[in-house]
>>> print(open('final_26.tsv').read())   # TSV, C-alpha atoms and all ligand atoms
chain	number	residue	atom	x	y	z
A	7	MET	CA	-12.60	25.42	-3.32
A	8	GLN	CA	-12.99	25.33	-7.07
A	9	ARG	CA	-14.24	21.97	-8.24
A	10	VAL	CA	-12.56	20.65	-11.36
A	11	ASN	CA	-14.15	17.98	-13.50
A	12	ALA	CA	-11.87	14.95	-13.37
A	13	GLY	CA	-12.09	14.49	-17.13
A	14	GLN	CA	-10.63	17.95	-17.69
A	15	VAL	CA	-7.51	16.86	-15.86
A	16	TRP	CA	-7.18	13.35	-17.14
A	17	ARG	CA	-7.73	14.24	-20.79
A	18	LYS	CA	-4.31	15.90	-20.66
A	19	LEU	CA	-2.57	12.77	-19.53
A	20	GLY	CA	-0.97	10.05	-21.60
A	21	ALA	CA	0.24	6.88	-19.92
A	22	VAL	CA	-0.30	6.78	-16.16
A	23	PRO	CA	1.35	3.83	-14.46
A	24	GLY	CA	-0.92	3.14	-11.49
A	25	LEU	CA	-4.65	2.99	-10.76
A	26	TYR	CA	-5.87	2.68	-7.18
A	27	VAL	CA	-9.51	1.77	-6.48
A	28	HIS	CA	-10.67	2.28	-2.90
A	29	ILE	CA	-13.37	0.04	-1.42
A	30	PRO	CA	-14.03	1.35	2.11
A	31	PHE	CA	-16.17	-1.42	3.58
A	32	CYS	CA	-15.11	-3.47	6.60
A	33	ALA	CA	-17.11	-5.87	8.74
A	34	ARG	CA	-15.79	-4.07	11.86
A	35	ARG	CA	-13.05	-1.63	12.72
A	36	CYS	CA	-9.81	-3.20	13.92
A	37	PRO	CA	-8.56	-1.60	17.16
A	38	TYR	CA	-5.40	-0.16	15.57
A	39	CYS	CA	-6.94	1.15	12.33
A	40	ASP	CA	-7.54	4.81	11.49
A	41	PHE	CA	-8.20	4.33	7.77
A	42	ALA	CA	-11.24	5.76	6.00
A	43	VAL	CA	-13.48	2.74	6.41
A	44	SER	CA	-17.21	2.22	6.51
A	45	THR	CA	-18.45	-0.48	8.89
A	46	ASN	CA	-21.88	-2.12	8.88
A	47	ALA	CA	-22.78	-0.40	5.62
A	48	ARG	CA	-26.24	-1.31	4.37
A	49	ALA	CA	-26.65	-3.06	1.03
A	50	ASP	CA	-28.30	-0.02	-0.59
A	51	PHE	CA	-25.40	2.24	0.46
A	52	ARG	CA	-22.87	-0.23	-0.90
A	53	ASP	CA	-24.75	-0.15	-4.22
A	54	SER	CA	-24.68	3.67	-4.19
A	55	TYR	CA	-20.96	3.66	-3.49
A	56	VAL	CA	-20.21	1.25	-6.33
A	57	ALA	CA	-22.36	3.36	-8.69
A	58	ALA	CA	-20.46	6.53	-7.64
A	59	LEU	CA	-17.14	4.75	-8.12
A	60	GLN	CA	-18.14	3.70	-11.61
A	61	THR	CA	-19.24	7.24	-12.42
A	62	GLU	CA	-15.87	8.58	-11.27
A	63	LEU	CA	-14.03	5.92	-13.29
A	64	GLU	CA	-16.09	6.55	-16.41
A	65	THR	CA	-15.44	10.29	-16.17
A	66	ALA	CA	-11.73	9.87	-15.62
A	67	LEU	CA	-11.22	7.13	-18.21
A	68	GLY	CA	-13.93	7.85	-20.76
A	69	GLU	CA	-12.22	10.39	-22.97
A	70	THR	CA	-8.60	9.53	-22.38
A	71	ASN	CA	-5.97	7.18	-23.71
A	72	LEU	CA	-4.84	6.14	-20.25
A	73	ARG	CA	-3.03	2.84	-20.08
A	74	PHE	CA	-2.31	1.59	-16.58
A	75	GLU	CA	0.60	-0.68	-15.81
A	76	THR	CA	-0.72	-1.58	-12.36
A	77	VAL	CA	-4.15	-1.70	-10.76
A	78	PHE	CA	-4.69	-2.06	-7.03
A	79	PHE	CA	-8.05	-2.60	-5.34
A	80	GLY	CA	-7.50	-1.67	-1.68
A	81	GLY	CA	-9.47	-0.62	1.33
A	82	GLY	CA	-11.10	-1.14	3.65
A	83	THR	CA	-11.75	-4.70	2.66
A	84	PRO	CA	-12.54	-5.01	-1.06
A	85	THR	CA	-13.73	-8.59	-0.54
A	86	GLU	CA	-16.64	-7.29	1.55
A	87	LEU	CA	-18.20	-6.81	-1.91
A	88	PRO	CA	-19.33	-9.86	-3.89
A	89	ALA	CA	-16.87	-11.13	-6.50
A	90	THR	CA	-19.38	-10.33	-9.25
A	91	THR	CA	-19.52	-6.66	-8.20
A	92	LEU	CA	-15.74	-6.42	-7.97
A	93	GLY	CA	-15.49	-8.09	-11.37
A	94	ARG	CA	-17.88	-5.56	-12.89
A	95	ILE	CA	-15.74	-2.67	-11.64
A	96	LEU	CA	-12.53	-4.25	-12.94
A	97	ALA	CA	-14.15	-5.06	-16.29
A	98	SER	CA	-14.80	-1.34	-16.83
A	99	VAL	CA	-11.11	-0.63	-16.23
A	100	LEU	CA	-9.52	-3.47	-18.23
A	101	PRO	CA	-9.70	-1.69	-21.63
A	102	HIS	CA	-7.35	0.91	-20.10
A	103	VAL	CA	-4.88	-1.59	-18.69
A	104	ALA	CA	-1.64	-2.80	-20.27
A	105	PRO	CA	-1.66	-6.50	-21.27
A	106	ASP	CA	1.05	-7.43	-18.76
A	107	ALA	CA	-0.32	-5.25	-15.94
A	108	GLU	CA	-0.06	-6.25	-12.30
A	109	ILE	CA	-3.65	-6.35	-11.02
A	110	SER	CA	-3.82	-6.69	-7.23
A	111	LEU	CA	-6.59	-7.11	-4.74
A	112	GLU	CA	-6.31	-6.61	-1.00
A	113	ALA	CA	-8.31	-9.16	0.96
A	114	ASN	CA	-8.95	-10.46	4.43
A	115	PRO	CA	-8.79	-14.24	4.77
A	116	GLU	CA	-12.20	-14.56	6.42
A	117	ASN	CA	-14.04	-13.47	3.26
A	118	LEU	CA	-12.37	-15.95	0.94
A	119	ASP	CA	-13.07	-19.47	-0.21
A	120	LEU	CA	-12.10	-21.38	-3.34
A	121	ARG	CA	-15.17	-20.26	-5.26
A	122	PHE	CA	-14.62	-16.57	-4.50
A	123	LEU	CA	-10.93	-16.88	-5.39
A	124	LYS	CA	-11.70	-18.61	-8.71
A	125	ALA	CA	-14.14	-15.80	-9.56
A	126	LEU	CA	-11.47	-13.18	-8.78
A	127	ARG	CA	-8.88	-14.93	-10.91
A	128	ALA	CA	-11.35	-15.29	-13.78
A	129	GLY	CA	-12.22	-11.60	-13.39
A	130	GLY	CA	-8.62	-10.61	-14.16
A	131	TRP	CA	-6.79	-10.23	-10.85
A	132	ASN	CA	-3.32	-11.78	-10.92
A	133	ARG	CA	-2.01	-10.75	-7.50
A	134	LEU	CA	-3.56	-11.27	-4.07
A	135	SER	CA	-2.48	-9.28	-1.02
A	136	LEU	CA	-3.74	-11.00	2.12
A	137	GLY	CA	-4.07	-9.27	5.49
A	138	ALA	CA	-2.71	-12.22	7.49
A	139	GLN	CA	-1.16	-10.02	10.25
A	140	SER	CA	-0.05	-12.92	12.49
A	141	PHE	CA	-0.10	-16.69	12.82
A	142	ASP	CA	-0.38	-16.49	16.60
A	143	GLU	CA	-3.98	-17.02	17.76
A	144	ARG	CA	-3.64	-14.73	20.79
A	145	GLU	CA	-2.19	-11.91	18.70
A	146	LEU	CA	-4.91	-12.32	16.08
A	147	ARG	CA	-7.55	-11.94	18.78
A	148	VAL	CA	-5.81	-8.88	20.30
A	149	LEU	CA	-5.63	-7.33	16.83
A	150	GLY	CA	-9.37	-7.89	16.44
A	151	ARG	CA	-9.03	-10.15	13.43
A	152	ALA	CA	-11.83	-12.51	12.48
A	153	HIS	CA	-9.62	-15.28	11.05
A	154	ASP	CA	-7.34	-17.84	12.62
A	155	ALA	CA	-3.95	-19.05	11.42
A	156	LYS	CA	-5.40	-22.18	9.80
A	157	LYS	CA	-7.72	-20.02	7.70
A	158	ILE	CA	-4.72	-18.09	6.30
A	159	GLU	CA	-3.11	-21.37	5.28
A	160	ASN	CA	-6.31	-22.66	3.69
A	161	VAL	CA	-6.81	-19.43	1.75
A	162	VAL	CA	-3.25	-19.45	0.39
A	163	ARG	CA	-3.71	-23.06	-0.70
A	164	ASP	CA	-7.06	-22.24	-2.33
A	165	ALA	CA	-5.63	-19.13	-4.00
A	166	LYS	CA	-2.94	-21.26	-5.63
A	167	THR	CA	-5.56	-23.78	-6.73
A	168	ALA	CA	-7.56	-20.89	-8.21
A	169	GLY	CA	-4.52	-19.91	-10.28
A	170	PHE	CA	-2.89	-17.10	-8.26
A	171	GLN	CA	0.86	-17.32	-8.68
A	172	ASN	CA	1.61	-14.00	-7.01
A	173	ILE	CA	0.48	-13.89	-3.38
A	174	SER	CA	1.56	-11.41	-0.73
A	175	LEU	CA	1.05	-11.66	3.02
A	176	ASP	CA	0.90	-8.63	5.33
A	177	LEU	CA	2.23	-9.19	8.85
A	178	ILE	CA	2.15	-6.85	11.85
A	179	TYR	CA	4.84	-6.96	14.51
A	180	GLY	CA	4.89	-5.40	17.96
A	181	ALA	CA	1.24	-6.11	18.85
A	182	PRO	CA	0.52	-6.50	22.58
A	183	ARG	CA	1.63	-9.96	23.73
A	184	THR	CA	4.07	-10.41	20.84
A	185	SER	CA	7.21	-12.21	21.89
A	186	LEU	CA	10.29	-12.90	19.84
A	187	GLY	CA	9.15	-16.52	19.77
A	188	SER	CA	5.63	-15.76	18.48
A	189	TRP	CA	7.07	-13.44	15.81
A	190	ARG	CA	9.49	-16.15	14.67
A	191	THR	CA	6.56	-18.56	14.45
A	192	SER	CA	4.58	-16.13	12.31
A	193	LEU	CA	7.53	-15.60	9.99
A	194	ARG	CA	8.22	-19.34	9.78
A	195	ARG	CA	4.61	-20.18	8.91
A	196	ALA	CA	4.44	-17.35	6.37
A	197	ILE	CA	7.65	-18.55	4.69
A	198	ALA	CA	6.40	-22.16	4.71
A	199	LEU	CA	3.41	-21.11	2.59
A	200	ASP	CA	5.78	-20.40	-0.31
A	201	VAL	CA	4.26	-17.03	-1.18
A	202	THR	CA	6.01	-14.54	-3.45
A	203	HIS	CA	5.92	-11.44	-1.23
A	204	ILE	CA	5.80	-10.57	2.47
A	205	SER	CA	5.24	-7.14	4.05
A	206	ALA	CA	6.04	-6.65	7.74
A	207	TYR	CA	4.76	-3.49	9.38
A	208	SER	CA	5.34	-2.25	12.88
A	209	LEU	CA	2.16	-1.68	14.90
A	210	THR	CA	1.66	2.05	15.21
A	211	ILE	CA	-0.67	3.57	17.76
A	212	GLU	CA	-2.91	6.18	16.16
A	213	GLU	CA	-4.94	8.71	18.09
A	214	GLY	CA	-8.67	8.05	18.05
A	215	THR	CA	-8.33	4.28	17.65
A	216	ALA	CA	-9.25	1.76	20.36
A	217	PHE	CA	-5.54	1.08	20.91
A	218	GLY	CA	-4.83	4.83	21.04
A	219	ARG	CA	-7.47	5.28	23.74
A	220	ALA	CA	-6.18	2.26	25.69
A	221	VAL	CA	-2.63	3.65	25.65
A	222	SER	CA	-3.89	7.09	26.80
A	223	ARG	CA	-5.77	5.50	29.69
A	224	GLY	CA	-2.69	3.51	30.64
A	225	ASP	CA	-4.50	0.20	30.00
A	226	MET	CA	-2.03	-0.76	27.31
A	227	GLY	CA	1.68	-0.06	26.92
A	228	ALA	CA	2.96	1.84	23.88
A	229	PRO	CA	5.09	-0.31	21.53
A	230	ASP	CA	8.72	-0.47	22.62
A	231	ASP	CA	10.99	0.88	19.84
A	232	ASP	CA	14.00	-1.21	20.85
A	233	PHE	CA	11.93	-4.41	20.88
A	234	GLY	CA	10.37	-3.36	17.57
A	235	GLY	CA	13.86	-2.99	16.12
A	236	GLU	CA	14.74	-6.47	17.36
A	237	LEU	CA	11.63	-7.92	15.70
A	238	MET	CA	12.41	-6.10	12.44
A	239	ASP	CA	16.00	-7.42	12.49
A	240	GLU	CA	14.63	-10.93	13.02
A	241	ALA	CA	12.36	-10.51	10.00
A	242	ALA	CA	15.29	-9.31	7.89
A	243	GLN	CA	17.36	-12.28	8.99
A	244	MET	CA	14.74	-15.00	8.50
A	245	LEU	CA	13.30	-13.66	5.25
A	246	GLY	CA	16.78	-13.09	3.83
A	247	GLU	CA	17.79	-16.67	4.69
A	248	ALA	CA	14.60	-17.90	3.03
A	249	GLY	CA	15.61	-16.20	-0.24
A	250	PHE	CA	13.47	-13.06	-0.11
A	251	GLU	CA	14.96	-9.79	-1.25
A	252	ARG	CA	14.32	-6.79	1.00
A	253	TYR	CA	13.52	-4.12	-1.56
A	254	GLU	CA	11.92	-1.59	0.79
A	255	VAL	CA	12.15	-1.13	4.54
A	256	SER	CA	8.97	-3.15	5.20
A	257	ASN	CA	8.76	-5.27	2.02
A	258	TRP	CA	10.38	-8.50	0.86
A	259	ALA	CA	9.89	-10.29	-2.46
A	260	ARG	CA	10.99	-13.36	-4.35
A	261	MET	CA	12.97	-12.52	-7.49
A	262	GLY	CA	10.65	-10.82	-10.01
A	263	PHE	CA	7.78	-10.35	-7.55
A	264	ARG	CA	8.31	-6.87	-6.14
A	265	SER	CA	5.04	-4.94	-5.92
A	266	ARG	CA	5.12	-2.84	-9.09
A	267	HIS	CA	2.21	-0.74	-7.85
A	268	ASN	CA	3.86	0.27	-4.57
A	269	ALA	CA	7.28	0.68	-6.22
A	270	ASN	CA	5.68	3.34	-8.44
A	271	TYR	CA	4.57	5.30	-5.34
A	272	TRP	CA	8.06	5.06	-3.88
A	273	ARG	CA	9.63	6.33	-7.14
A	274	GLY	CA	7.39	9.41	-7.03
A	275	GLY	CA	5.52	8.08	-10.08
A	276	ASP	CA	2.09	9.01	-11.41
A	277	TYR	CA	-1.15	7.38	-10.35
A	278	LEU	CA	-4.88	7.90	-10.39
A	279	GLY	CA	-6.87	7.08	-7.26
A	280	VAL	CA	-10.65	6.67	-7.30
A	281	GLY	CA	-13.04	6.25	-4.39
A	282	CYS	CA	-13.33	7.99	-1.05
A	283	GLY	CA	-10.08	9.29	0.39
A	284	ALA	CA	-8.14	8.24	-2.73
A	285	HIS	CA	-5.15	10.37	-3.73
A	286	SER	CA	-3.82	10.97	-7.24
A	287	HIS	CA	-0.53	12.33	-8.48
A	288	PHE	CA	0.62	13.54	-11.85
A	289	GLU	CA	4.01	15.20	-12.26
A	290	GLY	CA	3.88	17.10	-9.00
A	291	HIS	CA	0.13	17.82	-9.10
A	292	ARG	CA	-1.51	16.01	-6.22
A	293	PHE	CA	-5.25	15.86	-5.65
A	294	TRP	CA	-7.51	13.84	-3.40
A	295	ASN	CA	-11.12	12.89	-2.83
A	296	GLU	CA	-13.48	13.39	0.07
A	297	ARG	CA	-12.48	10.95	2.81
A	298	ASP	CA	-15.93	10.13	4.17
A	299	ALA	CA	-17.77	7.53	2.06
A	300	LYS	CA	-21.21	9.20	2.34
A	301	THR	CA	-19.79	12.65	1.48
A	302	TYR	CA	-17.97	11.09	-1.46
A	303	VAL	CA	-21.13	9.47	-2.85
A	304	LYS	CA	-23.17	12.65	-2.46
A	305	ALA	CA	-20.49	14.77	-4.15
A	306	ILE	CA	-20.28	12.42	-7.14
A	307	GLN	CA	-24.08	12.28	-7.41
A	308	THR	CA	-24.55	16.05	-7.27
A	309	GLN	CA	-21.36	17.46	-8.78
A	310	GLY	CA	-19.80	14.61	-10.76
A	311	THR	CA	-16.57	14.91	-8.77
A	312	ALA	CA	-15.56	14.37	-5.15
A	313	ARG	CA	-12.32	16.34	-5.30
A	314	ALA	CA	-11.61	17.63	-1.78
A	315	GLY	CA	-8.27	19.31	-2.35
A	316	GLU	CA	-5.21	19.65	-4.54
A	317	GLU	CA	-1.71	21.00	-4.42
A	318	TRP	CA	1.24	21.49	-6.73
A	319	LEU	CA	4.49	20.32	-5.23
A	320	THR	CA	7.38	22.76	-5.50
A	321	PRO	CA	10.62	21.46	-7.05
A	322	ARG	CA	12.11	21.33	-3.55
A	323	GLN	CA	9.18	19.26	-2.23
A	324	ARG	CA	9.57	16.82	-5.13
A	325	ALA	CA	13.30	16.56	-4.45
A	326	VAL	CA	12.65	15.89	-0.75
A	327	GLU	CA	10.16	13.15	-1.63
A	328	LEU	CA	12.52	11.42	-4.07
A	329	VAL	CA	15.29	11.33	-1.46
A	330	ALA	CA	13.13	10.48	1.57
A	331	LEU	CA	11.33	7.64	-0.24
A	332	GLY	CA	14.48	6.55	-2.08
A	333	VAL	CA	16.58	5.83	1.02
A	334	ARG	CA	13.86	3.40	2.14
A	335	CYS	CA	14.20	1.38	-1.10
A	336	ARG	CA	16.81	-1.11	-2.32
A	337	ASP	CA	17.15	0.89	-5.56
A	338	GLY	CA	17.68	4.15	-3.68
A	339	PHE	CA	17.46	7.43	-5.58
A	340	SER	CA	19.17	8.96	-8.57
A	341	LEU	CA	21.04	12.21	-8.05
A	342	GLU	CA	20.23	13.07	-11.65
A	343	GLU	CA	16.48	12.61	-11.13
A	344	VAL	CA	16.61	14.73	-7.97
A	345	SER	CA	18.43	17.47	-9.94
A	346	GLN	CA	15.85	17.17	-12.75
A	347	THR	CA	13.15	18.43	-10.37
A	348	GLY	CA	14.83	21.81	-10.92
A	349	ALA	CA	15.33	22.35	-7.18
A	350	PHE	CA	19.14	22.34	-7.19
A	351	ASP	CA	22.21	20.36	-8.23
A	352	ALA	CA	21.72	17.31	-6.00
A	353	ARG	CA	25.36	16.19	-5.92
A	354	ALA	CA	26.52	19.64	-4.89
A	355	ALA	CA	23.75	20.02	-2.29
A	356	LEU	CA	24.25	16.58	-0.74
A	357	ASN	CA	27.95	16.05	-1.18
A	358	GLY	CA	29.07	16.61	2.43
A	359	GLN	CA	26.47	14.24	3.90
A	360	LEU	CA	26.91	11.68	1.12
A	361	VAL	CA	30.66	11.42	1.65
A	362	ALA	CA	30.16	11.00	5.41
A	363	LEU	CA	27.31	8.45	5.11
A	364	ILE	CA	29.06	6.45	2.39
A	365	ALA	CA	32.20	6.35	4.58
A	366	THR	CA	30.17	4.77	7.44
A	367	GLY	CA	28.59	2.23	5.08
A	368	ALA	CA	25.06	3.54	5.73
A	369	LEU	CA	24.78	4.44	2.03
A	370	ARG	CA	26.49	3.21	-1.14
A	371	GLU	CA	26.80	4.63	-4.62
A	372	GLU	CA	25.78	2.01	-7.16
A	373	SER	CA	25.14	2.46	-10.89
A	374	GLU	CA	24.59	6.21	-10.62
A	375	ARG	CA	22.20	5.75	-7.69
A	376	ILE	CA	22.54	6.29	-3.96
A	377	VAL	CA	21.30	3.14	-2.22
A	378	PRO	CA	21.08	2.03	1.42
A	379	GLY	CA	24.08	0.07	2.74
A	380	ALA	CA	23.90	-3.13	4.79
A	381	GLN	CA	22.54	-1.34	7.89
A	382	GLY	CA	20.79	1.41	5.92
A	383	PHE	CA	17.25	0.00	6.14
A	384	ALA	CA	17.36	-0.04	9.95
A	385	ILE	CA	18.15	3.68	10.05
A	386	ALA	CA	16.32	4.83	6.91
A	387	ASP	CA	14.28	7.54	8.62
A	388	GLY	CA	17.39	9.05	10.23
A	389	LEU	CA	19.21	8.95	6.88
A	390	ALA	CA	16.33	10.73	5.18
A	391	ALA	CA	16.29	13.43	7.87
A	392	ARG	CA	20.04	14.02	7.52
A	393	LEU	CA	19.90	14.23	3.74
A	394	VAL	CA	16.83	16.42	3.35
A	395	GLY	CA	18.19	18.65	6.12
A	396	GLN	CA	20.75	19.75	3.51
A	397	PHE	CA	18.15	21.16	1.11
A	401	LIG	S1	-9.71	-4.79	7.96
A	401	LIG	FE1	-8.01	-3.38	7.47
A	401	LIG	S2	-9.00	-1.49	6.75
A	401	LIG	FE2	-10.60	-2.71	7.79
A	401	LIG	S3	-10.64	-1.94	9.88
A	401	LIG	FE3	-9.22	-3.69	9.87
A	401	LIG	S4	-7.19	-2.82	9.46
A	401	LIG	FE4	-8.71	-1.23	8.95
>>> encode(input="final_26.tsv", output="structure tokens", more="lines below")
Ligand code: SF4
Amino acid sequence: MQRVNAGQVWRKLGAVPGLYVHIPFCARRCPYCDFAVSTNARADFRDSYVAALQTELETALGETNLRFETVFFGGGTPTELPATTLGRILASVLPHVAPDAEISLEANPENLDLRFLKALRAGGWNRLSLGAQSFDERELRVLGRAHDAKKIENVVRDAKTAGFQNISLDLIYGAPRTSLGSWRTSLRRAIALDVTHISAYSLTIEEGTAFGRAVSRGDMGAPDDDFGGELMDEAAQMLGEAGFERYEVSNWARMGFRSRHNANYWRGGDYLGVGCGAHSHFEGHRFWNERDAKTYVKAIQTQGTARAGEEWLTPRQRAVELVALGVRCRDGFSLEEVSQTGAFDARAALNGQLVALIATGALREESERIVPGAQGFAIADGLAARLVGQF
């Protein structure tokens, strides 16, 4: 594959809304996780990775006028790196960031204390996304997490003391041993922490993970879809009553605290991703880096780029993405934007299905957009399949 210098691509770009920075390190691999992570990495390899990341950033940002509206440090577990190292990486990015940018960091509670959190806040992060996963001690152990429920509560308190006003909690439902009661407890304790954002994801069993192997051997049952639906409905009910807006199938926010970074992905927006396995997108041109951390570092050291592949989406593929992602979001999709991909006249292509789905209440037309109806989130994947089946 032809290797393209990142600077050659990014020089052409003006404003790009999102920057994603991937930090792959984790203390251990959780039994359900198939992400590109690096466990037990030695200190010298971590240093090499950070150096490679900075090289990639300098190349991409050095000769451009990029101005990011959101920055997201994700992983892996970014907080496996010291706050000073994270701060150094962010400092190199800040000249390219809009003054009111959302700057998020994904973190696991076990790494954090008040001092670390104060250093992060001083470094420029204004949003913290905590991998809480559950407030039930048994579930936390089954999920292989190193923190307990009390630690989550202490970290949220310390984060507020450190000056974070925008805090998100990730929760997982459907783990082995979850009951409706334990899920309600997790939701109640998350709500009681008065955070601004909560994500609730269904446990998925991926091949090659410890859970995947346990399910294949018959040692563990696969998640039950009907029970999963019940747990999701419970989340919708409790979070709605607590004043959170469901703005995507798995995401709830207080007014004004939607994740701007993720919303950009769901709108089919542009973003630059740096680090191993990171993906980028600019107006239908998608490209991605080597997934393995060691391969990534070597490629940057020897070739100045770790590009592993790229593709140009066809107008039809872009239209499919806008519709499939849009029906999962409160703001839905715009027929005009789908038509602007050049694939087809969206209203003409979708009309039969739209009339039928609007008649059942699954979809609504609102301010020139097609948005999910009251029950639409629960059946979003089915809606997407029916609509894109028309293209
Ligand atoms: S901490 Fe997150 S990224 Fe790391 S292994 Fe666990 S689930 Fe995967």
>>> residues_near_ligand(input="final_26.tsv", ligand="ligand LIG 401 (chain A)", cutoff="7 Å", atoms="only C-alpha atoms and all ligand atoms", output="list in words")
Cys32, Arg34, Arg35, Cys36, Tyr38, Cys39, Asp40, Phe41, Val43, Gly81, Gly82, Thr83 and Asn114 of chain A
>>> residues_around(input="final_26.tsv", residues="Thr320 in chain A", least_positions_apart="4", cutoff="12 Å", atoms="only C-alpha atoms", output="ChimeraX atom specification")
/A:289-292,324-327,347-350
>>> closest_residue(input="final_26.tsv", among="A:Ser265, A:Ser192, A:Ser222, A:Thr91", to="Leu177 in chain A", atoms="all atoms listed in the file")
A:Ser192
>>> closest_residue(input="final_26.tsv", among="A:Phe51, A:Trp318, A:Phe383, A:Phe217", to="Asp239 in chain A", atoms="all atoms listed in the file")
A:Phe383
>>> residues_near_point(input="final_26.tsv", point="(-14.1, -14.3, 11.2)", cutoff="6 Å", atoms="only C-alpha atoms", output="VMD selection string")
chain A and resid 116 152 to 153
>>> atom_distance(input="final_26.tsv", atom1="CA of Ala168 in chain A", atom2="CA of Leu92 in chain A")
16.6 Å
>>> axis_aligned_box(input="final_26.tsv", around="range 174-191 of chain A", padding_each_side="5 Å", output="JSON")
{"center_x": 5.4, "center_y": -12.0, "center_z": 11.5, "size_x": 19.8, "size_y": 23.2, "size_z": 34.5}
>>> closest_residue(input="final_26.tsv", among="A:Phe141, A:Phe122, A:Tyr271, A:Tyr253", to="Ala155 in chain A", atoms="all atoms listed in the file")
A:Phe141
>>> atom_distance(input="final_26.tsv", atom1="CA of Val361 in chain A", atom2="CA of Leu341 in chain A")
13.7 Å
>>> decode(input="final_26.tsv", residues="range 339-351 of chain A", atoms="N, CA, C and O atoms", output="mmCIF file, in the first residue's frame")
data_model
loop_
_atom_site.group_PDB
_atom_site.id
_atom_site.type_symbol
_atom_site.label_atom_id
_atom_site.label_comp_id
_atom_site.auth_asym_id
_atom_site.auth_seq_id
_atom_site.Cartn_x
_atom_site.Cartn_y
_atom_site.Cartn_z
ATOM 1 N N PHE A 339 -31.791 12.628 11.304
ATOM 2 C CA PHE A 339 -31.009 12.981 10.107
ATOM 3 C C PHE A 339 -31.826 13.911 9.238
ATOM 4 O O PHE A 339 -33.058 13.961 9.321
ATOM 5 N N SER A 340 -31.095 14.653 8.405
ATOM 6 C CA SER A 340 -31.750 15.605 7.507
ATOM 7 C C SER A 340 -31.839 14.986 6.115
ATOM 8 O O SER A 340 -30.827 14.529 5.568
ATOM 9 N N LEU A 341 -33.038 14.988 5.560
ATOM 10 C CA LEU A 341 -33.199 14.449 4.203
ATOM 11 C C LEU A 341 -32.350 15.255 3.225
ATOM 12 O O LEU A 341 -31.781 14.703 2.279
ATOM 13 N N GLU A 342 -32.258 16.568 3.492
ATOM 14 C CA GLU A 342 -31.473 17.407 2.580
ATOM 15 C C GLU A 342 -29.992 17.006 2.611
ATOM 16 O O GLU A 342 -29.346 16.892 1.577
ATOM 17 N N GLU A 343 -29.468 16.783 3.838
ATOM 18 C CA GLU A 343 -28.048 16.395 3.929
ATOM 19 C C GLU A 343 -27.803 15.042 3.267
ATOM 20 O O GLU A 343 -26.767 14.831 2.638
ATOM 21 N N VAL A 344 -28.755 14.122 3.418
ATOM 22 C CA VAL A 344 -28.589 12.815 2.765
ATOM 23 C C VAL A 344 -28.574 13.013 1.249
ATOM 24 O O VAL A 344 -27.737 12.445 0.538
ATOM 25 N N SER A 345 -29.459 13.881 0.735
ATOM 26 C CA SER A 345 -29.492 14.134 -0.716
ATOM 27 C C SER A 345 -28.199 14.802 -1.170
ATOM 28 O O SER A 345 -27.705 14.552 -2.276
ATOM 29 N N GLN A 346 -27.633 15.671 -0.285
ATOM 30 C CA GLN A 346 -26.405 16.388 -0.671
ATOM 31 C C GLN A 346 -25.195 15.469 -0.855
ATOM 32 O O GLN A 346 -24.187 15.869 -1.413
ATOM 33 N N THR A 347 -25.286 14.239 -0.386
ATOM 34 C CA THR A 347 -24.175 13.307 -0.650
ATOM 35 C C THR A 347 -24.069 13.036 -2.147
ATOM 36 O O THR A 347 -23.051 12.545 -2.631
ATOM 37 N N GLY A 348 -25.171 13.323 -2.876
ATOM 38 C CA GLY A 348 -25.173 13.072 -4.326
ATOM 39 C C GLY A 348 -25.641 11.673 -4.676
ATOM 40 O O GLY A 348 -25.652 11.287 -5.849
ATOM 41 N N ALA A 349 -26.042 10.887 -3.651
ATOM 42 C CA ALA A 349 -26.432 9.498 -3.921
ATOM 43 C C ALA A 349 -27.785 9.428 -4.624
ATOM 44 O O ALA A 349 -27.957 8.676 -5.571
ATOM 45 N N PHE A 350 -28.750 10.213 -4.142
ATOM 46 C CA PHE A 350 -30.107 10.184 -4.694
ATOM 47 C C PHE A 350 -30.931 11.247 -3.980
ATOM 48 O O PHE A 350 -30.465 11.863 -3.015
ATOM 49 N N ASP A 351 -32.163 11.433 -4.445
ATOM 50 C CA ASP A 351 -33.100 12.310 -3.750
ATOM 51 C C ASP A 351 -33.663 11.515 -2.561
ATOM 52 O O ASP A 351 -34.423 10.561 -2.746
#
